[in-house]
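Engineer: Okay, here's the structure, questions in a sec.
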Amino acid sequence: MTALLEIEGLNAWYGSSHVLHGVSLCIDEGEVVVLAGRNGSGRSTLAKALMGLVRAEGVANYRGVSILGKRPHAIARMGLGYVPEQRDVFPTLSVRENLLLGIKRGGSSFDIANAEQLFPILHERKAVKAGLLSGGEQQMLALARTLVGDPSFVIVDEPTEGLAPQIVAQVAACLKSLQARGVAILLIEQRMTIARELATRIAVMGHGTIVFDGTPNAFAADERITREWLSVGS
């Protein structure tokens, strides 16, 4: 059976800088794969390579169709959603206008009302310009805008970075609701407590390649992976 997303021998570059070195990873329907690793290990570059934002070569197939060489909007229309680390909301547009821009052509099973139910603050602040929102509110808006595009696979890059604990809990609840809806997720995350809560698998990147790929239990049992590839200062 073909995986939902199949990555094999993927290389990627920023200009002349070779960042990804033969990455291989498969994600099945409904899986939540947490991608861990130190800063600079290549995790965000992998996300950008999959969304057509950096030059990449190798194999990256979504539902058996190559996504390499396609433009980001074409990849999104295939069913891939992306929430970047920088959130990338449109600061001069209102919350509601940002959400309207994300709506899938032809309708979505997850609409603005669903988004506002998941994150009530977005309804309360619907007329506020996105640039005036707090970091946590912008993160909720970025997630909601992706969800109204009705993706079947979502890449979420460091969604809890710099957020207060109560906002982290809301973001985690959002990801759990996605998981319950059968949406596959590639979650780039440093907080391993959240990772273990959500993950069906944990993959670890180091020096631009995958150095571990296994169940949360296998990850917890392998102290060497944490020591060599995750611990700061080791």
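Residue numbers start at 1 in each chain; chains themselves are named A, B, ... in the order of the structure tokens; ligands are numbered from 1 in the order shown.
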Return as a count of residues only the full set of residues in region 6-227 of chain A whose backbone-based DSSP assignment is alpha helix (DSSP H).

Structural biologist: 79

Engineer: Can you check which residues of region 1-105 of chain A DSSP gives as strand (DSSP E) on the backbone and send them as JSON, numbers by chain?

Structural biologist: {"A": [5, 6, 7, 8, 9, 10, 11, 12, 13, 14, 17, 18, 19, 20, 21, 22, 23, 24, 25, 26, 27, 32, 33, 34, 35, 36, 55, 56, 57, 58, 59, 60, 61, 62, 65, 66, 80, 81, 82, 83]}

Engineer: Can you pull out the residues contacting Pro165 (chain A)? Cut-off 12 Å, using only C-alpha atoms, and skip same-chain residues under 4 positions away; I want them as a PyMOL selection string.

Structural biologist: chain A and resi 136+160-161+169-172+191+194

Engineer: Can you list, as an MDAnalysis selection string, every protein, DNA or RNA residue that comes within 10 Å of His18 (chain A) when you count only C-alpha atoms, leaving out same-chain residues fewer than 5 positions away?

Structural biologist: chainID A and resid 11:13 55:56 208

Engineer: Write the selection just made, keeping N, CA and C atoms, as a PDB file, in the first residue's frame?

Structural biologist:
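Writing done, so here's part_11.pdb:
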ATOM      1  N   ASN A  11      17.097  15.764  -1.338  1.00  0.00           N
ATOM      2  CA  ASN A  11      18.142  16.758  -1.108  1.00  0.00           C
ATOM      3  C   ASN A  11      17.544  18.142  -1.326  1.00  0.00           C
ATOM      4  N   ALA A  12      18.032  19.127  -0.569  1.00  0.00           N
ATOM      5  CA  ALA A  12      17.525  20.491  -0.730  1.00  0.00           C
ATOM      6  C   ALA A  12      18.626  21.490  -0.442  1.00  0.00           C
ATOM      7  N   TRP A  13      18.480  22.662  -1.051  1.00  0.00           N
ATOM      8  CA  TRP A  13      19.496  23.702  -0.963  1.00  0.00           C
ATOM      9  C   TRP A  13      18.874  25.065  -0.671  1.00  0.00           C
ATOM     10  N   ARG A  55      14.766  24.872  -3.407  1.00  0.00           N
ATOM     11  CA  ARG A  55      15.136  23.918  -4.464  1.00  0.00           C
ATOM     12  C   ARG A  55      15.376  22.536  -3.864  1.00  0.00           C
ATOM     13  N   ALA A  56      14.766  21.528  -4.458  1.00  0.00           N
ATOM     14  CA  ALA A  56      14.879  20.171  -3.931  1.00  0.00           C
ATOM     15  C   ALA A  56      14.929  19.165  -5.070  1.00  0.00           C
ATOM     16  N   GLY A 208      20.874  17.218   8.506  1.00  0.00           N
ATOM     17  CA  GLY A 208      20.170  17.154   7.236  1.00  0.00           C
ATOM     18  C   GLY A 208      19.701  15.795   6.800  1.00  0.00           C
TER      19      GLY A 208
END

Engineer: Within 8 Å of Pro91 (chain A), counting only C-alpha atoms, which residues qualify if same-chain residues fewer than 4 places away don't, as a PyMOL selection string?

Structural biologist: chain A and resi 129-132

Engineer: Only C-alpha atoms, please: the residues just picked out, written as a CSV table (one decimal), in the first residue's frame.

Structural biologist:
chain,number,residue,atom,x,y,z
A,129,LYS,CA,-5.9,43.6,11.9
A,130,ALA,CA,-3.8,40.5,12.2
A,131,GLY,CA,-0.7,42.5,12.8
A,132,LEU,CA,-2.1,43.7,16.1

Engineer: Pick out the residues sitting within 9 Å of region 23-35 of chain A, and hand them over as number ranges by chain; count only C-alpha atoms, and ignore anything fewer than 2 positions along from it in its own chain.

Structural biologist: A: 2-11, 20-21, 37, 43, 46, 58-59, 152-153, 179-190, 192, 195-196, 198-205, 208-210, 213

Engineer: Could you work out how far CA of Ala74 (chain A) lies from CA of Leu99 (chain A), giving the answer in Å with one decimal?

Structural biologist: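 So the answer is 18.9 Å.
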
Engineer: Hey, can you check how far CA of Val128 (chain A) sits from CA of Gly162 (chain A)?

Structural biologist: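 Those two atoms sit 21.9 Å apart.
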
Engineer: Quick one: everything within 12 Å of Gly106 (chain A), counting only C-alpha atoms, minus sequence neighbours fewer than 2 positions away in the same chain. Send it as a PyMOL selection string.

Structural biologist: chain A and resi 77+103-104+108-109+111+148-150

Engineer: Take the residues that were just selected and, keeping N, CA and C atoms, output them as a CSV table (one decimal), in the first residue's frame.

Structural biologist:
chain,number,residue,atom,x,y,z
A,77,ARG,N,-3.4,23.0,-3.2
A,77,ARG,CA,-4.6,22.5,-3.9
A,77,ARG,C,-4.7,20.9,-3.9
A,103,ILE,N,-9.9,29.8,2.5
A,103,ILE,CA,-11.0,28.9,2.2
A,103,ILE,C,-10.7,28.2,0.9
A,104,LYS,N,-11.0,26.9,0.9
A,104,LYS,CA,-10.8,26.1,-0.3
A,104,LYS,C,-11.8,26.4,-1.3
A,108,SER,N,-15.4,23.7,1.9
A,108,SER,CA,-14.6,22.9,2.8
A,108,SER,C,-15.4,22.3,3.9
A,109,SER,N,-15.0,21.1,4.4
A,109,SER,CA,-15.7,20.5,5.5
A,109,SER,C,-15.4,21.2,6.8
A,111,ASP,N,-15.1,25.0,8.1
A,111,ASP,CA,-15.4,26.3,7.7
A,111,ASP,C,-15.0,27.3,8.8
A,148,VAL,N,-9.2,25.9,7.2
A,148,VAL,CA,-10.3,26.1,6.3
A,148,VAL,C,-10.0,25.8,4.8
A,149,GLY,N,-8.7,25.5,4.5
A,149,GLY,CA,-8.4,25.0,3.2
A,149,GLY,C,-8.6,23.6,3.0
A,150,ASP,N,-9.2,22.9,4.1
A,150,ASP,CA,-9.6,21.5,4.1
A,150,ASP,C,-8.4,20.5,3.7

Engineer: Between A:Leu53, A:Gly206, A:Phe212, A:Tyr14, which one has atoms that come closest to Gly40 (chain A), using only C-alpha atoms?

Structural biologist: A:Gly206

Engineer: For Leu163 (chain A), which residue among A:Met140, A:Leu118, A:Val89, A:Val95 is the nearest when counting only C-alpha atoms?

Structural biologist: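 Checking each of A:Met140, A:Leu118, A:Val89, A:Val95 against Leu163 (chain A), counting only C-alpha atoms, the winner is A:Met140.
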